[in-house]
>>> print(open('my_file38.txt').read())   # compact mmCIF, C-alpha atoms
# COMPACT_ATOMS: atom_id res chain seq x y z
CA GLU A 1019 154.07 -58.27 138.10
CA ALA A 1020 155.99 -55.14 137.21
CA ALA A 1021 159.58 -55.47 136.08
CA PRO A 1022 162.32 -54.83 138.65
CA LEU A 1023 163.26 -51.22 139.11
CA SER A 1024 166.57 -49.99 137.72
CA PRO A 1025 169.41 -49.16 140.11
CA LEU A 1026 169.10 -45.36 139.81
CA PRO A 1027 170.63 -42.96 142.37
CA ALA A 1028 167.15 -42.59 143.89
CA ALA A 1029 166.44 -46.31 143.67
CA GLY A 1030 166.16 -46.67 147.44
CA HIS A 1031 163.31 -44.16 147.61
CA LEU A 1032 161.63 -45.75 144.59
CA PHE A 1033 161.75 -49.15 146.27
CA GLN A 1034 160.37 -47.55 149.45
CA CYS A 1035 157.41 -46.11 147.48
CA ARG A 1036 156.90 -49.47 145.82
CA GLY A 1037 156.84 -51.14 149.23
CA ALA A 1038 154.26 -48.65 150.50
CA LEU A 1039 151.99 -49.25 147.50
CA LEU A 1040 152.28 -53.02 147.77
CA HIS A 1041 151.64 -52.83 151.50
CA ARG A 1042 148.50 -50.78 150.88
CA ALA A 1043 147.38 -53.38 148.33
CA GLY A 1044 147.77 -56.14 150.92
CA ARG A 1045 150.70 -57.83 149.17
CA LEU A 1046 152.79 -58.11 152.30
CA GLU A 1047 155.48 -60.48 151.05
CA ALA A 1048 156.14 -58.39 147.94
CA ALA A 1049 156.11 -55.22 150.05
CA ARG A 1050 158.58 -56.78 152.47
CA ALA A 1051 160.93 -57.56 149.58
CA ALA A 1052 160.60 -53.99 148.29
CA TYR A 1053 161.43 -52.51 151.70
CA ARG A 1054 164.41 -54.84 151.98
CA SER A 1055 165.64 -53.56 148.59
CA ALA A 1056 165.02 -49.97 149.69
CA VAL A 1057 167.26 -50.45 152.70
CA ARG A 1058 169.89 -52.14 150.57
CA HIS A 1059 169.86 -49.16 148.17
CA GLY A 1060 170.33 -46.64 150.98
CA CYS A 1061 166.81 -45.33 151.61
CA GLY A 1062 167.32 -45.44 155.39
CA ALA A 1063 164.80 -44.39 158.03
CA PRO A 1064 161.64 -44.05 155.86
CA ALA A 1065 162.10 -47.60 154.59
CA PHE A 1066 162.68 -48.94 158.09
CA VAL A 1067 159.51 -47.21 159.32
CA GLY A 1068 157.38 -48.64 156.49
CA TRP A 1069 158.89 -52.10 156.93
CA ALA A 1070 158.38 -52.01 160.70
CA LEU A 1071 154.72 -51.01 160.30
CA LEU A 1072 154.26 -53.88 157.87
CA GLU A 1073 155.71 -56.35 160.39
CA GLU A 1074 153.46 -54.90 163.10
CA GLU A 1075 150.43 -55.50 160.88
CA ALA A 1076 151.64 -59.04 160.29
CA GLY A 1077 151.86 -59.61 164.06
CA GLU A 1078 155.66 -59.76 164.06
CA HIS A 1079 156.12 -57.29 166.89
CA GLY A 1080 159.64 -58.35 167.78
CA GLU A 1081 160.73 -57.96 164.17
CA ALA A 1082 159.06 -54.54 164.01
CA ALA A 1083 160.84 -53.35 167.17
CA GLY A 1084 164.15 -54.50 165.73
CA LEU A 1085 163.57 -52.60 162.50
CA PHE A 1086 162.79 -49.39 164.37
CA SER A 1087 166.02 -49.83 166.32
CA ARG A 1088 168.04 -50.47 163.17
CA GLY A 1089 166.58 -47.31 161.61
CA ALA A 1090 167.42 -45.25 164.69
CA ASP A 1091 170.99 -46.57 164.68
CA LEU A 1092 171.35 -45.64 161.01
CA GLU A 1093 169.68 -42.22 161.15
CA PRO A 1094 169.43 -41.10 164.79
CA GLU A 1095 168.48 -37.58 163.68
CA HIS A 1096 165.26 -38.74 161.98
CA ALA A 1097 162.44 -37.44 164.22
CA PRO A 1098 159.56 -39.11 162.33
CA LEU A 1099 161.17 -42.50 162.99
CA HIS A 1100 161.29 -41.84 166.74
CA ASN A 1101 157.67 -40.65 166.68
CA ALA A 1102 156.61 -43.80 164.82
CA HIS A 1103 158.64 -46.03 167.17
CA ALA A 1104 157.04 -44.45 170.24
CA ALA A 1105 153.57 -44.75 168.68
CA PHE A 1106 154.26 -48.46 168.06
CA ALA A 1107 155.14 -48.94 171.73
CA GLU A 1108 152.03 -47.00 172.77
CA ARG A 1109 149.79 -49.18 170.60
CA ARG A 1110 151.18 -52.20 172.40
CA GLY A 1111 150.24 -50.64 175.75
CA ASP A 1112 153.82 -49.88 176.70
CA THR A 1113 153.49 -46.23 177.73
CA ASP A 1114 156.70 -46.32 179.76
CA GLY A 1115 158.53 -47.71 176.76
CA ALA A 1116 157.11 -45.00 174.49
CA ARG A 1117 158.17 -42.28 176.90
CA SER A 1118 161.65 -43.84 177.14
CA ILE A 1119 161.97 -43.66 173.34
CA PHE A 1120 161.23 -39.94 173.38
CA ARG A 1121 163.59 -39.33 176.30
CA ALA A 1122 166.41 -41.25 174.64
CA ALA A 1123 165.91 -39.39 171.35
CA CYS A 1124 165.93 -36.02 173.15
CA ARG A 1125 169.02 -36.74 175.23
CA PRO A 1126 171.71 -34.20 174.30
CA GLY A 1127 173.99 -35.79 171.75
CA ALA A 1128 171.66 -38.76 171.22
CA CYS A 1129 170.64 -37.58 167.77
CA GLY A 1130 171.19 -34.69 165.43
CA GLN A 1131 167.86 -33.09 166.27
CA ALA A 1132 168.31 -33.52 170.01
CA ARG A 1133 171.70 -31.81 169.86
CA SER A 1134 169.79 -28.64 169.03
CA PHE A 1135 168.88 -28.45 172.72
CA VAL A 1136 172.47 -27.45 173.51
CA GLY A 1137 173.57 -25.99 170.20
CA PRO A 1138 172.62 -22.90 168.26
CA ASP A 1139 170.19 -24.60 165.83
CA LEU A 1140 167.00 -25.18 167.82
CA SER A 1141 164.49 -25.50 164.99
CA ARG A 1142 164.82 -29.13 163.96
CA CYS A 1143 163.54 -30.68 167.19
CA SER A 1144 160.04 -29.28 166.82
CA ALA A 1145 158.51 -32.38 165.20
CA LEU A 1146 159.93 -34.68 167.87
CA LEU A 1147 158.75 -32.52 170.78
CA HIS A 1148 155.33 -32.12 169.20
CA GLY A 1149 155.02 -35.88 168.86
CA TRP A 1150 156.03 -36.33 172.48
CA GLY A 1151 153.48 -33.73 173.55
CA GLN A 1152 150.72 -35.54 171.66
CA PHE A 1153 151.70 -38.76 173.41
CA GLU A 1154 151.54 -37.13 176.85
CA GLN A 1155 148.19 -35.59 175.97
CA ARG A 1156 146.75 -38.97 175.01
CA ALA A 1157 148.13 -40.37 178.27
CA GLY A 1158 146.21 -37.71 180.20
CA TYR A 1159 149.16 -35.49 181.17
CA GLU A 1160 148.05 -32.15 179.75
CA ARG A 1161 150.51 -30.07 181.77
CA ARG A 1162 153.44 -32.10 180.44
CA ALA A 1163 151.95 -31.84 176.96
CA ALA A 1164 151.65 -28.06 177.22
CA VAL A 1165 155.31 -27.71 178.23
CA LEU A 1166 156.38 -29.84 175.27
CA PHE A 1167 154.12 -28.05 172.81
CA GLU A 1168 155.47 -24.68 173.90
CA ARG A 1169 159.06 -25.86 173.54
CA ALA A 1170 158.22 -27.29 170.12
CA ALA A 1171 156.64 -24.02 169.02
CA ARG A 1172 159.58 -21.94 170.19
CA LEU A 1173 162.02 -24.34 168.51
CA GLY A 1174 160.03 -24.42 165.28
CA ARG A 1175 161.46 -21.33 163.69
CA GLY A 1176 162.90 -23.27 160.77
CA CYS A 1177 159.59 -24.78 159.63
CA ALA A 1178 156.37 -22.77 159.53
CA ASP A 1179 154.18 -25.88 159.42
CA ASP A 1180 155.84 -27.46 162.47
CA CYS A 1181 155.62 -24.17 164.32
CA ALA A 1182 151.93 -23.68 163.46
CA ARG A 1183 151.03 -27.20 164.56
CA ALA A 1184 152.82 -26.75 167.86
CA TRP A 1185 151.23 -23.36 168.62
CA HIS A 1186 147.83 -24.79 167.71
CA ALA A 1187 148.35 -27.77 170.02
CA LEU A 1188 149.41 -25.47 172.88
CA GLY A 1189 146.48 -23.13 172.31
CA SER A 1190 144.06 -26.06 172.30
CA VAL A 1191 145.39 -27.25 175.67
CA ARG A 1192 145.01 -23.74 177.09
CA LEU A 1193 141.41 -23.60 175.84
CA ARG A 1194 140.60 -26.83 177.65
CA GLN A 1195 142.24 -25.38 180.76
CA ARG A 1196 140.03 -22.28 180.36
CA ARG A 1197 143.13 -20.10 180.22
CA TRP A 1198 141.66 -17.85 177.56
CA ASP A 1199 144.39 -15.20 177.44
CA ASP A 1200 147.15 -17.79 177.22
CA ALA A 1201 145.22 -19.65 174.52
CA LEU A 1202 144.81 -16.47 172.49
CA GLU A 1203 148.51 -15.70 172.81
CA ALA A 1204 149.44 -19.16 171.53
CA PHE A 1205 147.10 -18.97 168.54
CA GLU A 1206 148.25 -15.45 167.68
CA ARG A 1207 151.90 -16.52 167.87
CA GLY A 1208 151.07 -19.26 165.40
CA LEU A 1209 149.20 -16.86 163.12
CA ALA A 1210 152.23 -14.56 163.05
CA GLY A 1211 154.01 -17.25 161.04
CA SER A 1212 151.00 -18.86 159.32
CA PRO A 1213 148.38 -16.10 158.93
CA ARG A 1214 146.16 -18.20 156.65
CA SER A 1215 145.91 -21.28 158.86
CA SER A 1216 142.21 -22.07 159.30
CA PRO A 1217 142.75 -24.15 162.50
CA LEU A 1218 144.73 -21.28 164.08
CA LEU A 1219 142.10 -18.74 163.03
CA LEU A 1220 139.38 -20.93 164.56
CA GLY A 1221 141.35 -21.30 167.79
CA ALA A 1222 141.90 -17.57 168.06
CA GLY A 1223 138.20 -17.01 167.40
CA LEU A 1224 137.22 -19.43 170.17
CA ALA A 1225 139.57 -17.69 172.58
CA ARG A 1226 138.20 -14.24 171.64
CA ALA A 1227 134.62 -15.49 172.03
CA SER A 1228 135.44 -16.91 175.47
CA LEU A 1229 136.86 -13.48 176.42
CA GLN A 1230 133.54 -11.92 175.31
CA GLN A 1231 135.31 -10.18 172.42
CA HIS A 1232 132.61 -11.07 169.94
CA GLU A 1233 133.32 -8.78 167.00
CA PRO A 1234 137.00 -9.85 166.71
CA ALA A 1235 135.86 -13.47 167.16
CA ARG A 1236 133.32 -13.06 164.34
CA GLU A 1237 136.01 -11.75 162.02
CA LEU A 1238 138.34 -14.63 162.89
CA PHE A 1239 135.62 -17.21 162.22
CA ARG A 1240 134.87 -15.48 158.90
CA ARG A 1241 138.53 -15.67 157.92
CA ALA A 1242 138.75 -19.33 159.00
CA VAL A 1243 135.92 -20.43 156.71
CA ALA A 1244 137.16 -18.20 153.89
CA GLU A 1245 140.51 -19.97 154.00
CA GLU A 1246 138.93 -23.43 154.30
CA PRO A 1247 135.22 -23.53 153.31
CA ARG A 1248 134.99 -27.21 154.31
CA HIS A 1249 136.12 -26.52 157.88
CA GLY A 1250 132.94 -27.69 159.60
CA ARG A 1251 134.19 -26.97 163.12
CA ALA A 1252 134.74 -23.31 162.23
CA TRP A 1253 131.25 -22.95 160.76
CA ARG A 1254 129.77 -24.60 163.86
CA ALA A 1255 131.74 -22.44 166.31
CA TRP A 1256 130.66 -19.30 164.48
CA GLY A 1257 127.01 -20.35 164.44
CA VAL A 1258 127.03 -21.35 168.11
CA MET A 1259 128.44 -17.96 169.09
CA GLU A 1260 125.79 -16.12 167.10
CA ALA A 1261 123.03 -18.24 168.63
CA ARG A 1262 124.30 -17.59 172.17
CA LEU A 1263 124.31 -13.88 171.45
CA GLY A 1264 120.65 -14.10 170.39
CA GLU A 1265 121.51 -13.47 166.72
CA VAL A 1266 119.26 -16.29 165.54
CA GLU A 1267 118.92 -15.20 161.91
CA GLN A 1268 122.67 -14.72 161.62
CA ALA A 1269 123.23 -18.17 163.15
CA ARG A 1270 120.82 -19.69 160.59
CA ARG A 1271 122.70 -18.03 157.74
CA VAL A 1272 126.03 -19.29 159.07
CA TYR A 1273 124.73 -22.85 159.44
CA SER A 1274 123.13 -22.74 156.00
CA ASP A 1275 126.31 -21.52 154.33
CA GLY A 1276 128.36 -24.06 156.25
CA LEU A 1277 126.13 -26.98 155.32
CA ARG A 1278 126.40 -26.09 151.64
CA SER A 1279 130.17 -26.39 151.94
CA CYS A 1280 130.42 -29.46 154.19
CA ARG A 1281 127.23 -31.48 154.03
CA GLY A 1282 128.77 -34.48 155.75
CA HIS A 1283 129.65 -32.69 158.99
CA ALA A 1284 127.26 -34.26 161.53
CA PRO A 1285 127.93 -31.84 164.46
CA LEU A 1286 127.07 -28.92 162.17
CA TRP A 1287 123.74 -30.54 161.25
CA GLN A 1288 123.04 -31.17 164.93
CA ALA A 1289 123.78 -27.56 165.89
CA ALA A 1290 121.53 -26.30 163.09
CA ALA A 1291 118.72 -28.63 164.18
CA ARG A 1292 118.88 -27.35 167.77
CA LEU A 1293 118.50 -23.73 166.71
>>> encode(input="my_file38.txt", output="structure tokens")
Amino acid sequence: EAAPLSPLPAAGHLFQCRGALLHRAGRLEAARAAYRSAVRHGCGAPAFVGWALLEEEAGEHGEAAGLFSRGADLEPEHAPLHNAHAAFAERRGDTDGARSIFRAACRPGACGQARSFVGPDLSRCSALLHGWGQFEQRAGYERRAAVLFERAARLGRGCADDCARAWHALGSVRLRQRRWDDALEAFERGLAGSPRSSPLLLGAGLARASLQQHEPARELFRRAVAEEPRHGRAWRAWGVMEARLGEVEQARRVYSDGLRSCRGHAPLWQAAARL
């Protein structure tokens, strides 16, 4: 076994990484000890999350819930902890409990991120609202999810990645609702901050195609696969559009190029076989 780590200023984070590696290796008792040391050396919320997930895996659900609560008490502004805590409750079938965790975290003054609802800094709540929106979407409440995704996107000015994820989530909901113009607006708002995002380019292309704007859609699909050649969904969407337009040879070329880049993408193979 490796020698104990030295008490460096970053020792808490080193112990947290050690715990994660031991947990992944299945050495739960050693991982538990590492997480305990991480907390003792000031790592805080990340260590509590890792430790809680370990206890959940071990079947110690009460211990896991207590660790999430201790982490929230220590760092109430830590959005990933609240997201993980709510996901833990959801996995146990407690949807009301999961929703209560989000509501408590977003109560004005409840945590540093939630205070942004009533203060001038609105950017830091994006990750929490996005997580809540994903939960509502899984629960079947797409309208609630859309409201949360839009709030997350508008609050996400401080982090381009958070903002892009939120706009993409909102655009995807609008696509499923067949609100093509609203979907396109959401994807384009995301692209304004993340112009090279392949998922956003794909979403905008799908919205353009649904609006019968095929040449702009074609260009968006082309950009999506240029940015991420292994993006099988983008290759498939492009090929499907060409096939529906009667451009069979173009569809074959798209599928062929796509399959060279992502040979393991089953839906792409299926679409090519149906052509």
>>> residues_around(input="my_file38.txt", residues="Gly1068 in chain A", least_positions_apart="5", cutoff="8 Å", atoms="all atoms listed in the file", output="ChimeraX atom specification")
/A:1034,1037-1038,1053
>>> closest_residue(input="my_file38.txt", among="A:Ser1144, A:Ala1051, A:Gly1149, A:Glu1160", to="Leu1099 in chain A", atoms="only C-alpha atoms")
A:Gly1149
>>> closest_residue(input="my_file38.txt", among="A:Ser1274, A:Leu1293, A:Glu1078, A:Pro1285", to="Ala1261 in chain A", atoms="all atoms listed in the file")
A:Leu1293
>>> atom_distance(input="my_file38.txt", atom1="CA of His1103 in chain A", atom2="CA of Glu1075 in chain A")
14.0 Å
>>> axis_aligned_box(input="my_file38.txt", around="range 1065-1071 of chain A", padding_each_side="8 Å", output="JSON")
{"center_x": 158.7, "center_y": -49.7, "center_z": 157.6, "size_x": 24.0, "size_y": 20.9, "size_z": 22.1}
>>> residues_near_point(input="my_file38.txt", point="(140.8, -14.1, 175.6)", cutoff="12 Å", atoms="only C-alpha atoms", output="ChimeraX atom specification")
/A:1189,1192-1193,1196-1206,1221-1232,1234-1235
>>> atom_distance(input="my_file38.txt", atom1="CA of Arg1281 in chain A", atom2="CA of Gly1250 in chain A")
8.8 Å
>>> atom_distance(input="my_file38.txt", atom1="CA of Val1266 in chain A", atom2="CA of Gln1288 in chain A")
15.4 Å
>>> closest_residue(input="my_file38.txt", among="A:Arg1110, A:Arg1054, A:Arg1194, A:His1100", to="Ala1122 in chain A", atoms="all atoms listed in the file")
A:His1100
>>> residues_near_point(input="my_file38.txt", point="(168.2, -49.3, 151.9)", cutoff="12 Å", atoms="only C-alpha atoms", output="PDB file with C-alpha atoms, in the frame of the given file")
ATOM      1  CA  PRO A1025     169.410 -49.160 140.110  1.00  0.00           C
ATOM      2  CA  PRO A1027     170.630 -42.960 142.370  1.00  0.00           C
ATOM      3  CA  ALA A1028     167.150 -42.590 143.890  1.00  0.00           C
ATOM      4  CA  ALA A1029     166.440 -46.310 143.670  1.00  0.00           C
ATOM      5  CA  GLY A1030     166.160 -46.670 147.440  1.00  0.00           C
ATOM      6  CA  HIS A1031     163.310 -44.160 147.610  1.00  0.00           C
ATOM      7  CA  LEU A1032     161.630 -45.750 144.590  1.00  0.00           C
ATOM      8  CA  PHE A1033     161.750 -49.150 146.270  1.00  0.00           C
ATOM      9  CA  GLN A1034     160.370 -47.550 149.450  1.00  0.00           C
ATOM     10  CA  GLY A1037     156.840 -51.140 149.230  1.00  0.00           C
ATOM     11  CA  ALA A1051     160.930 -57.560 149.580  1.00  0.00           C
ATOM     12  CA  ALA A1052     160.600 -53.990 148.290  1.00  0.00           C
ATOM     13  CA  TYR A1053     161.430 -52.510 151.700  1.00  0.00           C
ATOM     14  CA  ARG A1054     164.410 -54.840 151.980  1.00  0.00           C
ATOM     15  CA  SER A1055     165.640 -53.560 148.590  1.00  0.00           C
ATOM     16  CA  ALA A1056     165.020 -49.970 149.690  1.00  0.00           C
ATOM     17  CA  VAL A1057     167.260 -50.450 152.700  1.00  0.00           C
ATOM     18  CA  ARG A1058     169.890 -52.140 150.570  1.00  0.00           C
ATOM     19  CA  HIS A1059     169.860 -49.160 148.170  1.00  0.00           C
ATOM     20  CA  GLY A1060     170.330 -46.640 150.980  1.00  0.00           C
ATOM     21  CA  CYS A1061     166.810 -45.330 151.610  1.00  0.00           C
ATOM     22  CA  GLY A1062     167.320 -45.440 155.390  1.00  0.00           C
ATOM     23  CA  ALA A1063     164.800 -44.390 158.030  1.00  0.00           C
ATOM     24  CA  PRO A1064     161.640 -44.050 155.860  1.00  0.00           C
ATOM     25  CA  ALA A1065     162.100 -47.600 154.590  1.00  0.00           C
ATOM     26  CA  PHE A1066     162.680 -48.940 158.090  1.00  0.00           C
ATOM     27  CA  VAL A1067     159.510 -47.210 159.320  1.00  0.00           C
ATOM     28  CA  GLY A1068     157.380 -48.640 156.490  1.00  0.00           C
ATOM     29  CA  TRP A1069     158.890 -52.100 156.930  1.00  0.00           C
ATOM     30  CA  ARG A1088     168.040 -50.470 163.170  1.00  0.00           C
ATOM     31  CA  GLY A1089     166.580 -47.310 161.610  1.00  0.00           C
ATOM     32  CA  LEU A1092     171.350 -45.640 161.010  1.00  0.00           C
ATOM     33  CA  GLU A1093     169.680 -42.220 161.150  1.00  0.00           C
TER      34      GLU A1093
END
>>> closest_residue(input="my_file38.txt", among="A:Pro1247, A:Arg1278, A:Phe1167, A:Ala1157", to="Gly1111 in chain A", atoms="all atoms listed in the file")
A:Ala1157
>>> residues_around(input="my_file38.txt", residues="Arg1254 in chain A", least_positions_apart="4", cutoff="8 Å", atoms="only C-alpha atoms", output="VMD selection string")
chain A and resid 1250 1258 1273 1276 1285 to 1286 1289
